[in-house]
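Dropping data00.txt in here (compact mmCIF, C-alpha atoms):
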# COMPACT_ATOMS: atom_id res chain seq x y z
CA MET A 1420 -37.81 -62.54 -43.57
CA GLY A 1421 -35.63 -60.79 -41.00
CA LYS A 1422 -31.99 -59.90 -41.60
CA CYS A 1423 -29.21 -62.18 -40.43
CA LEU A 1424 -25.46 -61.92 -40.14
CA VAL A 1425 -23.20 -64.43 -41.86
CA THR A 1426 -19.52 -64.52 -40.95
CA ARG A 1427 -16.50 -66.55 -42.00
CA LEU A 1428 -14.57 -65.70 -38.83
CA ASN A 1429 -13.06 -68.68 -37.04
CA GLY A 1430 -14.97 -69.73 -33.96
CA VAL A 1431 -13.20 -70.68 -30.73
CA VAL A 1432 -14.64 -72.85 -27.97
CA SER A 1433 -12.51 -72.74 -24.84
CA SER A 1434 -12.27 -75.47 -22.22
CA ASN A 1435 -14.16 -74.37 -19.11
CA ASP A 1436 -14.87 -76.73 -16.24
CA ASN A 1437 -17.40 -74.25 -14.81
CA LEU A 1438 -19.88 -74.36 -17.71
CA LYS A 1439 -23.44 -75.21 -16.68
CA VAL A 1440 -24.94 -78.40 -18.06
CA LEU A 1441 -28.61 -78.52 -19.07
CA ASP A 1442 -30.83 -80.93 -17.08
CA ALA A 1443 -27.93 -82.23 -15.00
CA VAL A 1444 -26.24 -81.92 -11.62
CA VAL A 1445 -22.48 -81.44 -11.88
CA ILE A 1446 -20.03 -82.32 -9.08
CA LYS A 1447 -16.36 -81.41 -9.33
CA PHE A 1448 -13.75 -83.12 -7.14
CA ASN A 1449 -10.81 -80.82 -6.46
CA ALA A 1450 -7.57 -82.77 -6.80
CA VAL A 1451 -6.05 -83.95 -3.53
CA GLU A 1452 -2.62 -85.18 -2.52
CA THR A 1453 -3.89 -88.55 -1.29
CA GLN A 1454 -7.19 -90.06 -2.38
CA ASN A 1455 -9.54 -91.79 0.05
CA GLU A 1456 -13.25 -92.47 0.26
CA ASN A 1457 -13.81 -89.20 2.10
CA ASN A 1458 -12.54 -86.98 -0.69
CA SER A 1459 -13.11 -89.12 -3.78
CA SER A 1460 -16.54 -90.71 -3.44
CA VAL A 1461 -20.19 -89.70 -3.53
CA VAL A 1462 -23.44 -91.58 -2.91
CA ILE A 1463 -26.14 -91.18 -5.55
CA GLN A 1464 -29.60 -92.77 -5.59
CA SER A 1465 -32.40 -92.67 -8.13
CA VAL A 1466 -36.12 -92.56 -7.59
CA SER A 1467 -37.61 -96.04 -7.14
CA GLY A 1468 -38.25 -97.62 -10.53
CA LYS A 1469 -36.03 -95.11 -12.35
CA THR A 1470 -32.37 -95.04 -13.31
CA LEU A 1471 -29.75 -92.33 -13.76
CA ARG A 1472 -27.02 -91.83 -16.32
CA VAL A 1473 -23.84 -90.66 -14.61
CA GLU A 1474 -20.83 -89.62 -16.66
CA CYS A 1475 -17.30 -88.52 -15.84
CA ILE A 1476 -16.84 -85.52 -18.11
CA VAL A 1477 -13.32 -85.22 -16.69
CA GLY A 1478 -11.46 -88.29 -15.41
CA ASN A 1479 -13.01 -91.70 -14.82
CA PHE A 1480 -14.74 -93.94 -12.32
CA THR A 1481 -12.63 -96.27 -10.22
CA ASP A 1482 -13.00 -98.51 -7.15
CA SER A 1483 -12.18 -98.10 -3.46
CA THR A 1484 -8.49 -98.83 -4.17
CA PHE A 1485 -8.35 -96.01 -6.76
CA ALA A 1486 -6.16 -98.32 -8.85
CA LYS A 1487 -8.65 -99.32 -11.55
CA ASN A 1488 -10.21 -97.41 -14.42
CA THR A 1489 -13.79 -98.70 -14.55
CA GLY A 1490 -14.89 -96.42 -17.35
CA SER A 1491 -16.42 -92.98 -17.74
CA VAL A 1492 -20.15 -93.75 -18.04
CA ILE A 1493 -22.70 -95.57 -15.87
CA GLU A 1494 -25.84 -95.92 -17.94
CA SER A 1495 -28.36 -97.23 -15.40
CA LEU A 1496 -27.48 -96.27 -11.84
CA THR A 1497 -30.01 -96.87 -9.09
CA ASN A 1498 -28.12 -96.64 -5.77
CA SER A 1499 -24.37 -96.63 -5.42
CA LYS A 1500 -21.31 -95.13 -3.76
CA LEU A 1501 -19.21 -93.97 -6.69
CA TYR A 1502 -15.43 -93.64 -6.57
CA VAL A 1503 -13.69 -91.30 -9.00
CA SER A 1504 -10.18 -90.53 -10.21
CA ASN A 1505 -8.32 -87.58 -8.76
CA GLY A 1506 -9.75 -84.26 -9.93
CA ALA A 1507 -12.74 -85.82 -11.72
CA ILE A 1508 -15.93 -84.03 -12.70
CA ILE A 1509 -19.17 -85.99 -12.91
CA LYS A 1510 -22.51 -85.19 -14.49
CA ILE A 1511 -25.78 -86.72 -13.26
CA SER A 1512 -28.37 -86.55 -16.03
CA SER A 1513 -32.18 -86.55 -15.83
CA LYS A 1514 -32.23 -84.62 -12.58
CA GLN A 1515 -35.95 -85.27 -12.07
CA ASN A 1516 -35.00 -88.89 -11.28
CA ILE A 1517 -32.50 -88.03 -8.54
CA SER A 1518 -33.64 -89.09 -5.06
CA LYS A 1519 -30.42 -88.66 -3.07
CA VAL A 1520 -27.00 -87.04 -3.32
CA SER A 1521 -24.69 -87.44 -0.36
CA PHE A 1522 -21.16 -86.23 0.30
CA ALA A 1523 -21.36 -87.55 3.86
CA ASP A 1524 -23.01 -90.96 3.82
CA ALA A 1525 -21.24 -92.82 6.63
CA ILE A 1526 -18.02 -91.02 5.70
CA THR A 1527 -16.23 -87.90 6.91
CA ASP A 1528 -16.14 -85.61 3.91
CA GLU A 1529 -13.00 -83.52 3.45
CA GLY A 1530 -14.80 -80.64 1.77
CA ASN A 1531 -13.06 -80.78 -1.61
CA LYS A 1532 -16.22 -81.35 -3.64
CA VAL A 1533 -17.53 -78.39 -5.63
CA ILE A 1534 -21.23 -78.06 -6.44
CA ASP A 1535 -23.71 -75.35 -7.35
CA ILE A 1536 -26.72 -75.96 -5.10
CA SER A 1537 -28.86 -74.20 -7.71
CA ASP A 1538 -28.46 -77.34 -9.86
CA PHE A 1539 -31.00 -79.01 -7.57
CA LYS A 1540 -33.77 -76.50 -8.27
CA TYR A 1541 -35.62 -78.80 -10.70
CA CYS A 1542 -34.81 -82.06 -8.93
CA LYS A 1543 -38.49 -82.49 -8.15
CA ASN A 1544 -38.05 -85.91 -6.49
CA LEU A 1545 -34.96 -85.16 -4.42
CA THR A 1546 -35.60 -86.19 -0.81
CA ASN A 1547 -32.10 -86.56 0.69
CA LEU A 1548 -29.35 -83.95 0.28
CA LEU A 1549 -26.14 -84.17 2.31
CA VAL A 1550 -23.43 -81.68 1.34
CA VAL A 1551 -20.29 -80.56 3.14
CA GLY A 1552 -17.56 -77.95 2.83
CA ASN A 1553 -16.84 -74.44 1.65
CA ASN A 1554 -17.12 -75.23 -2.07
CA LEU A 1555 -20.92 -74.95 -2.08
CA THR A 1556 -22.32 -72.12 -4.18
CA GLY A 1557 -25.71 -71.03 -5.53
CA LYS A 1558 -29.05 -70.81 -3.78
CA LEU A 1559 -31.11 -73.35 -1.88
CA GLU A 1560 -34.44 -73.46 -3.68
CA MET A 1561 -36.59 -75.97 -5.50
CA ALA A 1562 -39.29 -75.67 -8.11
CA GLU A 1563 -41.46 -77.93 -5.96
CA LYS A 1564 -41.31 -76.88 -2.32
CA ASN A 1565 -41.39 -78.99 0.82
CA LYS A 1566 -39.82 -82.15 -0.60
CA LEU A 1567 -36.65 -82.84 1.41
CA THR A 1568 -36.96 -85.37 4.22
CA LEU A 1569 -33.27 -85.17 5.15
CA LEU A 1570 -31.07 -82.09 4.74
CA LEU A 1571 -27.48 -81.92 5.94
CA ILE A 1572 -25.22 -78.92 5.37
CA ASN A 1573 -22.09 -79.25 7.48
CA ARG A 1574 -18.79 -77.40 7.96
CA SER A 1575 -19.69 -74.82 5.35
CA ASP A 1576 -19.87 -71.08 4.78
CA PHE A 1577 -22.77 -71.58 2.36
CA TYR A 1578 -25.36 -68.86 2.91
CA ALA A 1579 -29.01 -69.72 3.48
CA THR A 1580 -31.86 -68.47 5.64
CA THR A 1581 -34.19 -70.45 7.85
CA GLN A 1582 -37.02 -69.35 5.55
CA GLU A 1583 -35.24 -70.87 2.53
CA ILE A 1584 -34.67 -74.08 4.46
CA ALA A 1585 -38.31 -74.15 5.54
CA ASN A 1586 -39.33 -73.84 1.88
CA VAL A 1587 -37.51 -77.04 0.89
CA LEU A 1588 -38.15 -79.20 3.97
CA SER A 1589 -41.05 -81.64 3.92
CA PRO A 1590 -43.47 -81.57 6.88
CA ASN A 1591 -42.42 -85.22 7.23
CA ALA A 1592 -38.69 -84.44 7.31
CA ASN A 1593 -36.85 -86.60 9.83
CA THR A 1594 -33.49 -84.84 10.14
CA LEU A 1595 -32.13 -81.33 9.70
CA ASN A 1596 -28.38 -81.15 10.40
CA LEU A 1597 -26.74 -77.73 10.06
CA THR A 1598 -23.67 -78.38 12.21
CA LYS A 1599 -21.04 -75.69 11.51
CA ALA A 1600 -23.10 -74.18 8.69
CA VAL A 1601 -21.92 -70.82 9.98
CA ASN A 1602 -23.78 -68.65 7.45
CA VAL A 1603 -27.21 -70.18 7.88
CA LYS A 1604 -29.15 -67.40 9.56
CA GLY A 1605 -32.67 -66.52 10.66
CA ASP A 1606 -35.20 -67.23 13.37
CA VAL A 1607 -35.49 -70.86 14.42
CA SER A 1608 -39.30 -70.70 14.63
CA LEU A 1609 -39.48 -70.45 10.81
CA LEU A 1610 -38.57 -74.16 10.73
CA SER A 1611 -41.72 -75.13 12.61
CA ASN A 1612 -43.66 -76.43 9.58
CA ALA A 1613 -41.36 -79.47 9.57
CA ILE A 1614 -43.48 -81.06 12.29
CA GLY A 1615 -42.09 -84.55 11.70
CA LEU A 1616 -38.52 -83.68 12.69
CA GLN A 1617 -36.85 -86.10 15.07
CA TYR A 1618 -33.32 -84.66 14.98
CA LEU A 1619 -32.36 -80.99 14.73
CA TYR A 1620 -28.66 -80.07 14.92
CA LEU A 1621 -27.96 -76.33 15.08
CA THR A 1622 -24.49 -75.93 16.63
CA TYR A 1623 -22.17 -73.28 15.18
CA THR A 1624 -24.80 -71.60 13.00
CA GLY A 1625 -26.19 -68.09 12.83
CA ILE A 1626 -29.70 -69.27 13.72
CA SER A 1627 -31.28 -67.30 16.55
CA GLY A 1628 -34.44 -67.22 18.65
CA THR A 1629 -35.73 -69.49 21.39
CA VAL A 1630 -36.18 -73.24 21.55
CA GLU A 1631 -39.56 -72.64 23.15
CA SER A 1632 -40.75 -70.66 20.09
CA ILE A 1633 -40.15 -73.48 17.59
CA LEU A 1634 -41.68 -76.07 19.94
CA GLU A 1635 -44.81 -73.97 20.49
CA ALA A 1636 -45.15 -73.31 16.76
CA MET A 1637 -44.77 -77.01 15.93
CA TRP A 1638 -47.44 -77.87 18.50
CA LYS A 1639 -49.80 -75.25 17.10
CA ASN A 1640 -49.09 -76.55 13.58
CA GLY A 1641 -50.41 -79.95 14.62
CA ARG A 1642 -47.57 -81.84 16.24
CA LYS A 1643 -49.23 -83.63 19.14
CA ASP A 1644 -47.05 -86.76 19.46
CA GLY A 1645 -43.53 -88.05 18.92
CA LYS A 1646 -40.07 -87.03 20.06
CA LEU A 1647 -37.51 -84.47 18.91
CA VAL A 1648 -33.87 -84.08 19.91
CA ILE A 1649 -32.45 -80.58 19.48
CA THR A 1650 -28.77 -79.75 19.75
CA THR A 1651 -28.71 -75.99 20.19
CA GLY A 1652 -26.42 -73.29 18.87
CA ASN A 1653 -24.78 -70.32 20.52
CA SER A 1654 -27.52 -67.86 19.48
CA LEU A 1655 -30.43 -70.01 20.63
CA PHE A 1656 -32.04 -69.45 24.01
CA PHE A 1657 -33.62 -72.08 26.26
CA ASP A 1658 -35.15 -71.00 29.57
CA GLY A 1659 -33.88 -67.50 28.79
CA LYS A 1660 -30.25 -68.58 28.51
CA THR A 1661 -27.78 -69.51 25.78
CA HIS A 1662 -25.64 -72.57 26.33
CA GLY A 1663 -22.78 -72.21 23.87
CA ASP A 1664 -21.90 -74.32 20.88
CA TYR A 1665 -20.82 -77.37 22.81
CA GLY A 1666 -23.53 -79.89 22.19
CA TYR A 1667 -26.24 -78.73 24.59
CA THR A 1668 -29.03 -81.21 23.91
CA ILE A 1669 -32.73 -80.95 24.66
CA SER A 1670 -35.00 -83.99 24.42
CA VAL A 1671 -38.60 -83.08 23.64
CA THR A 1672 -41.80 -85.12 23.88
CA PHE A 1673 -45.03 -83.89 22.29
CA SER A 1674 -48.53 -84.94 23.32
CA SER A 1675 -52.05 -83.62 22.78
CA SER A 1676 -51.98 -81.91 26.16
CA GLU A 1677 -48.41 -80.65 26.57
CA ILE A 1678 -44.80 -80.37 25.47
CA VAL A 1679 -42.07 -81.62 27.80
CA ALA A 1680 -38.50 -80.42 27.07
CA VAL A 1681 -35.72 -82.00 29.12
CA SER A 1682 -32.07 -80.98 29.40
CA ASN A 1683 -30.34 -80.12 32.67
CA ILE A 1684 -33.77 -78.79 33.60
CA THR A 1685 -37.29 -79.80 32.57
CA ARG A 1686 -39.67 -77.28 30.99
CA THR A 1687 -43.34 -78.04 30.31
CA PHE A 1688 -45.72 -76.18 28.01
CA ASP A 1689 -49.44 -76.67 28.77
CA GLY A 1690 -50.79 -74.85 25.73
CA SER A 1691 -50.40 -71.36 27.14
CA THR A 1692 -47.37 -71.08 29.44
CA TRP A 1693 -44.01 -72.70 30.15
CA THR A 1694 -43.13 -73.84 33.66
CA ASN A 1695 -39.99 -75.39 35.12
CA SER A 1696 -40.04 -78.57 37.16
Output the file's structure as structure tokens, nothing else.
Amino acid sequence: MGKCLVTRLNGVVSSNDNLKVLDAVVIKFNAVETQNENNSSVVIQSVSGKTLRVECIVGNFTDSTFAKNTGSVIESLTNSKLYVSNGAIIKISSKQNISKVSFADAITDEGNKVIDISDFKYCKNLTNLLVVGNNLTGKLEMAEKNKLTLLLINRSDFYATTQEIANVLSPNANTLNLTKAVNVKGDVSLLSNAIGLQYLYLTYTGISGTVESILEAMWKNGRKDGKLVITTGNSLFFDGKTHGDYGYTISVTFSSSEIVAVSNITRTFDGSTWTNS
């Protein structure tokens, strides 16, 4: 038998809102002067056929008036917009059953929610992640790659690379929205495995490269039909030019024979070269 140490010293457990919670996603709501649905709500959805246990470990759940205390535990959540008391902290258990977490579901988030993105690493069925603000920490990675069909990171200084984003996006992803994610950096062509994208918003990011490069790579990866709308960023080139961070939009149509990209000009790729028309 090995040696062990026995002590009669008093133990002390301090209160710490930043402690990690095993097998859970934790969201903290920084207290605000005036509560509204933008700063005091979150949308959570479970995988079909499963439920989630969501608990306020600080504060309580409420309603859209913020006048009622509706308790601190929801035992069987499937899909709901949750309202919380001012300064609440919630814990979503059984992370493998989480399908969606949204700070920005038909609302304008005020960026007071605090979350460690690393909490999502083992959310193997997460398909929709919409997070906003400068209180995002951690690393964007998942134990099972290529799962997200919708990723939104807005108005944030959260750091990520296009390669990290490519690793979590499903080939069938519909939307990638990185508007004002100023510290997302890397070459745009690394996103080309997401050949199902229909909407790509890249204004006010650090993403660089050419629009033509991602379109060619998508086409070579098998995208031979469908449409894609790209809103470019300041470091992205189209037809050899940058167009600022002011909503320059390019509408793209893929076919088996060509790519047609239309903005204030039209560019066509025939499989080998781009021409203007």
* Provide the atom CA of Leu1588 of chain A to atom CA of Gly1530 of chain A distance in Å, to one decimal place. =>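 Atom CA of Leu1588 of chain A sits 23.5 Å away from atom CA of Gly1530 of chain A.
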* Taking all atoms listed in the file into account, which of A:Gly1478, A:Gly1605, A:Gly1690, A:Gly1663 comes nearest Ala1636 of chain A? ->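 Among the listed residues, A:Gly1690 lies closest to Ala1636 of chain A.
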* Please measure the separation of atom CA of Tyr1623 of chain A and atom CA of Ser1608 of chain A, giving the value in Å to one decimal. =>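 Atom-to-atom, atom CA of Tyr1623 of chain A and atom CA of Ser1608 of chain A are spaced 17.3 Å apart.
Our summary of the geometry notes that atom CA of Thr1685 of chain A is positioned 29.8 Å from atom CA of Ile1572 of chain A.
If all atoms listed in the file are the atoms counted, then among A:Leu1647, A:Val1462, A:Leu1570, A:Ile1517 the closest residue to Leu1548 of chain A is A:Leu1570.
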* Asked: If you count all atoms listed in the file, which residues fall within 6 Å of Ala1443 of chain A, apart from same-chain ones fewer than 4 positions away, as a PyMOL selection string?
  -> chain A and resi 1511-1512+1514
* Residue nearest Phe1448 of chain A - candidates A:Ile1526, A:Val1671, A:Ala1585, A:Ala1507, atoms counted: all atoms listed in the file ->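 Once distances to Phe1448 of chain A are computed over all atoms listed in the file, the minimum belongs to A:Ala1507.
Using all atoms listed in the file, the nearest neighbour of Lys1646 of chain A within the list A:Asn1593, A:Thr1624, A:Asn1479, A:Leu1610 is A:Asn1593.
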* For Lys1660 of chain A: contacts at 12 Å, all atoms listed in the file, fewer than 2 positions along chain excluded, given as a ChimeraX atom specification -> /A:1628-1631,1651-1658,1662-1663,1667,1684
* Shell around Cys1475 of chain A at 12 Å using all atoms listed in the file, local window under 6 positions removed, as a ChimeraX atom specification -> /A:1444-1448,1481,1488-1494,1501-1512
* May I have the residues within 10 Å of Gly1468 of chain A as a list in words, using all atoms listed in the file and disregarding those fewer than 2 positions away in the same chain? =>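 So, after excluding close chain neighbours, the residues are Ser1465, Val1466, Thr1470, Thr1497 and Asn1516 of chain A.
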Please return, as a PDB file with C-alpha atoms, in the coordinates of the input, all polymer residues that have at least one atom within 6 Å of the point (-51.2, -85.7, 21.7); use only C-alpha atoms and the file's own coordinate frame.
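Just written: out-v2.pdb:
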ATOM      1  CA  LYS A1643     -49.230 -83.630  19.140  1.00  0.00           C
ATOM      2  CA  ASP A1644     -47.050 -86.760  19.460  1.00  0.00           C
ATOM      3  CA  SER A1674     -48.530 -84.940  23.320  1.00  0.00           C
ATOM      4  CA  SER A1675     -52.050 -83.620  22.780  1.00  0.00           C
ATOM      5  CA  SER A1676     -51.980 -81.910  26.160  1.00  0.00           C
TER       6      SER A1676
END
* To do: For each of A:Ser1611, A:Asn1455, A:Asp1524, A:Asn1544, take the minimum atom-to-atom distance to Ser1467 of chain A, counting all atoms listed in the file, then give the residue where this is smallest.
  =>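 Smallest distance to Ser1467 of chain A is found for A:Asn1544.
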Once 8 Å is added on each side, what are the centre and the three edge lengths, in Å to one decimal, of the axis-aligned box enclosing the listed atoms of segment 1653-1658 of chain A? Present them as AutoDock Vina command-line options.
--center_x -30.0 --center_y -70.0 --center_z 24.5 --size_x 26.4 --size_y 20.2 --size_z 26.1
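Each of A:Asp1576, A:Asp1538, A:Asp1664, A:Asp1528 was compared to Asn1457 of chain A using only C-alpha atoms, and A:Asp1528 turns out to be the nearest.
Selecting by distance to (-42.8, -84.7, 0.2) with a limit of 9 Å and using all atoms listed in the file, one obtains A:Asn1544, A:Thr1546, A:Lys1564, A:Asn1565, A:Lys1566, A:Leu1567, A:Thr1568, A:Leu1588, A:Ser1589, A:Pro1590, A:Asn1591, A:Ala1592.
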Dump C-alpha atoms of segment 1477-1508 of chain A from the given block, as a compact mmCIF listing (two decimals), in the first residue's frame.
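Produced file selection_25.txt, reproduced below:
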# COMPACT_ATOMS: atom_id res chain seq x y z
CA VAL A 1477 -26.61 32.07 -9.99
CA GLY A 1478 -29.94 33.92 -10.18
CA ASN A 1479 -33.13 32.52 -11.68
CA PHE A 1480 -35.20 32.19 -14.83
CA THR A 1481 -37.86 34.78 -15.52
CA ASP A 1482 -40.13 35.88 -18.39
CA SER A 1483 -39.95 38.65 -20.99
CA THR A 1484 -41.15 41.20 -18.40
CA PHE A 1485 -38.29 40.25 -16.04
CA ALA A 1486 -40.80 40.60 -13.19
CA LYS A 1487 -41.37 36.93 -12.36
CA ASN A 1488 -39.18 34.31 -10.75
CA THR A 1489 -39.97 31.12 -12.67
CA GLY A 1490 -37.47 28.96 -10.83
CA SER A 1491 -33.85 27.94 -11.19
CA VAL A 1492 -34.10 24.60 -13.03
CA ILE A 1493 -35.63 23.46 -16.32
CA GLU A 1494 -35.49 19.68 -16.35
CA SER A 1495 -36.54 18.84 -19.92
CA LEU A 1496 -35.81 21.65 -22.35
CA THR A 1497 -36.16 21.01 -26.06
CA ASN A 1498 -36.30 24.42 -27.77
CA SER A 1499 -36.80 27.71 -26.00
CA LYS A 1500 -35.78 31.34 -25.64
CA LEU A 1501 -34.81 31.61 -21.98
CA TYR A 1502 -34.99 34.83 -19.98
CA VAL A 1503 -32.83 35.22 -16.89
CA SER A 1504 -32.50 37.55 -13.91
CA ASN A 1505 -29.87 40.27 -13.95
CA GLY A 1506 -26.35 38.87 -13.62
CA ALA A 1507 -27.45 35.22 -13.84
CA ILE A 1508 -25.21 32.28 -14.69
